[in-house]
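Colleague: Here's a structure for you.
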Amino acid sequence: MPLPKAELHLHIEGTLEPELAFELAARNGVTLPYADTEELRTAYEFSDLQSFLDLYYGLMAVLRTEEDFAALADAYLARAAAQGVRHAEIFFDPQAHLARGVRMGTVVEGLGRALDRAETVHGVSTQLIMCFLRDESAGSAMEALEAARPYLAPFGPITGVGLDSAEVGHPPAKFREVYEAAAALGLRRVAHAGEEGPPAYITEALDVLGAERIDHGLRCLEDPEVVARLVRDRVPLTLCPLSNVRLRAVGTLAEHPLPAMLDAGLLCTVNSDDPAYFGGYAEDTFDAVRAALGLSPEQLRELARNSFTAAFLDHDEERRSRYLAEVEAYEFP
Ligand code: HPA
Ligand code: ZN
């Protein structure tokens, strides 16, 4: 039995496995520029974030109907459950779909259909976080938030907003207004920062956007003052070690600074980001960091505990306590 954990940094479009991509392509009459799944997999050789994003956005062409989005999320939730995920706060990129002529309702109702049955079918509680594409305009982000209005909690599944896509040159402050609007609507706020961008973007995400968690945040290590603040304020970081290796933010997994970050007192969590592209779902990632970094069972337990501490479960503390008790009771094989 895998260690119980929460997944807090997971792009649902990044769970599109080659097999499902080809199945949906056939169903929707979409021609992919790859002969088969094997040829597609050989394209998963990335030099940086942008080289990944090009493929990630390209492959989304196969996602067209509510059924497609439901199938995508169902497949992810089944895998996540098998890997010990008890709670998932799932990102999606509405602007990437709106730009292709796929309506917000198609995306959210499709994903929502899978999320609605996730607890009964897979034993996984879920939330949905809409991410703004930082390389698009602030106006486009505001339009996406407007389009999402009917689907915001408590009436729909969307509980928060995030910020992703190409980071360098797109500082958080560009999205001040839309984050203010999101806060006024009662949404939780997270943001990718310090993946490829400088530590100053982390500070800006906290100060200007009111981010409650930082996605990645790896480059905080370049600025001791930023580290000190993250430690002092217990700001969770949703690290994605396999992603960092595949997108070349770190050289090898054995060189990942996760142990040093834990030692520094940072509230670290370990997540899978885009598992279909980066080679591992939640427990695969825990296994990989344990093997490469020699983490002890107690360090793994700390990471699992942190994932539930950092989860947006403030409205259901009883559930959080239940999950935390499962972490404490877990016996390592
Ligand atoms: N970083 C930024 N944007 C993204 C990522 C990522 O790792 N995955 C999907 N969109
Ligand atoms: Zn990400």
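Chain lettering (A, B, ...) mirrors the order of the structure tokens, residue numbering begins at 1 for each chain separately, and ligand numbering begins at 1 in order of display.
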Residues of chain A that have any atom at most 7 Å from an atom of ligand 1: could you tabulate them with the shortest-distance atom pair and the distance in Å to one decimal, using only C-alpha atoms and all ligand atoms, ordered by chain and increasing number, as CSV?
Modeller:
```
residue,atom,partner,partner_atom_place_in_ligand_line,distance
A:His11,CA,ligand 1,9 (C),5.7
A:Gly14,CA,ligand 1,9 (C),6.4
A:Leu49,CA,ligand 1,1 (N),6.5
A:Leu53,CA,ligand 1,10 (N),6.6
A:Asp164,CA,ligand 1,3 (N),4.0
A:Ser165,CA,ligand 1,3 (N),3.4
A:Ala166,CA,ligand 1,2 (C),5.9
A:Glu167,CA,ligand 1,2 (C),6.8
A:His192,CA,ligand 1,2 (C),6.6
A:Ser243,CA,ligand 1,7 (O),6.6
A:Asp273,CA,ligand 1,7 (O),5.9
A:Asp274,CA,ligand 1,8 (N),5.8
```
Colleague: Which residues come within 8 Å of Met104 in chain A, counting only C-alpha atoms, excluding same-chain residues fewer than 4 positions away, as number ranges by chain?
Modeller: A: 94, 97-98, 108, 147-148
Colleague: So that I have them on file, write out the residues from the current selection with N, CA, C and O atoms, as a PDB file, in the first residue's frame.
Modeller:
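The resulting file, result14.pdb, is shown below:
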```pdb
ATOM      1  N   PRO A  94      -7.783  26.767 -18.915  1.00  0.00           N
ATOM      2  CA  PRO A  94      -8.947  27.075 -19.762  1.00  0.00           C
ATOM      3  C   PRO A  94      -8.602  27.876 -21.009  1.00  0.00           C
ATOM      4  O   PRO A  94      -9.168  27.630 -22.073  1.00  0.00           O
ATOM      5  N   HIS A  97      -7.863  26.046 -24.139  1.00  0.00           N
ATOM      6  CA  HIS A  97      -9.006  25.401 -24.785  1.00  0.00           C
ATOM      7  C   HIS A  97      -9.916  26.439 -25.443  1.00  0.00           C
ATOM      8  O   HIS A  97     -10.381  26.240 -26.565  1.00  0.00           O
ATOM      9  N   LEU A  98     -10.147  27.550 -24.756  1.00  0.00           N
ATOM     10  CA  LEU A  98     -10.971  28.620 -25.328  1.00  0.00           C
ATOM     11  C   LEU A  98     -10.379  29.074 -26.654  1.00  0.00           C
ATOM     12  O   LEU A  98     -11.103  29.306 -27.631  1.00  0.00           O
ATOM     13  N   VAL A 108     -15.180  22.363 -18.169  1.00  0.00           N
ATOM     14  CA  VAL A 108     -15.449  22.223 -16.729  1.00  0.00           C
ATOM     15  C   VAL A 108     -16.522  21.170 -16.451  1.00  0.00           C
ATOM     16  O   VAL A 108     -16.415  20.421 -15.482  1.00  0.00           O
ATOM     17  N   ALA A 147     -15.689  33.948 -17.887  1.00  0.00           N
ATOM     18  CA  ALA A 147     -16.326  32.772 -18.501  1.00  0.00           C
ATOM     19  C   ALA A 147     -16.520  31.648 -17.485  1.00  0.00           C
ATOM     20  O   ALA A 147     -17.391  30.793 -17.634  1.00  0.00           O
ATOM     21  N   ALA A 148     -15.677  31.659 -16.441  1.00  0.00           N
ATOM     22  CA  ALA A 148     -15.737  30.595 -15.435  1.00  0.00           C
ATOM     23  C   ALA A 148     -16.763  30.876 -14.342  1.00  0.00           C
ATOM     24  O   ALA A 148     -17.040  29.997 -13.511  1.00  0.00           O
TER      25      ALA A 148
END
```
Colleague: Taking 3 positions as the minimum chain separation for residues in the same chain, which residues sit within 7 Å of Leu111 in chain A when counting only C-alpha atoms? Answer as a list of chain:residue names.
Modeller: A:Phe69, A:Ala70, A:Ala73, A:Val107, A:Val108, A:Ala114, A:Leu115
Colleague: What does the list of residues within 12 Å of ligand 2 look like if you count only C-alpha atoms and all ligand atoms, written as an NGL selection string?
Modeller: :A and (7-15 or 49 or 52-53 or 56 or 90-93 or 129 or 131-133 or 162-167 or 190-196 or 214-217 or 237-244 or 247 or 270-275 or 277-278)
Colleague: So which residues touch Tyr34 in chain A within 10 Å, counting only C-alpha atoms, skipping near sequence neighbours fewer than 5 positions away, as a PyMOL selection string?
Modeller: chain A and resi 22+39-43
Colleague: Rank nothing, just name the residue among A:Val178, A:Leu293, A:Leu77, A:Ala264 nearest to Cys220 in chain A, using only C-alpha atoms.
Modeller: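 Going through A:Val178, A:Leu293, A:Leu77, A:Ala264 one by one, the smallest distance to Cys220 in chain A is for A:Ala264.
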Colleague: Using only C-alpha atoms, can you tell me which of A:Tyr201, A:Tyr281, A:Leu3, A:Tyr57 comes closest to Arg100 in chain A?
Modeller: A:Tyr57
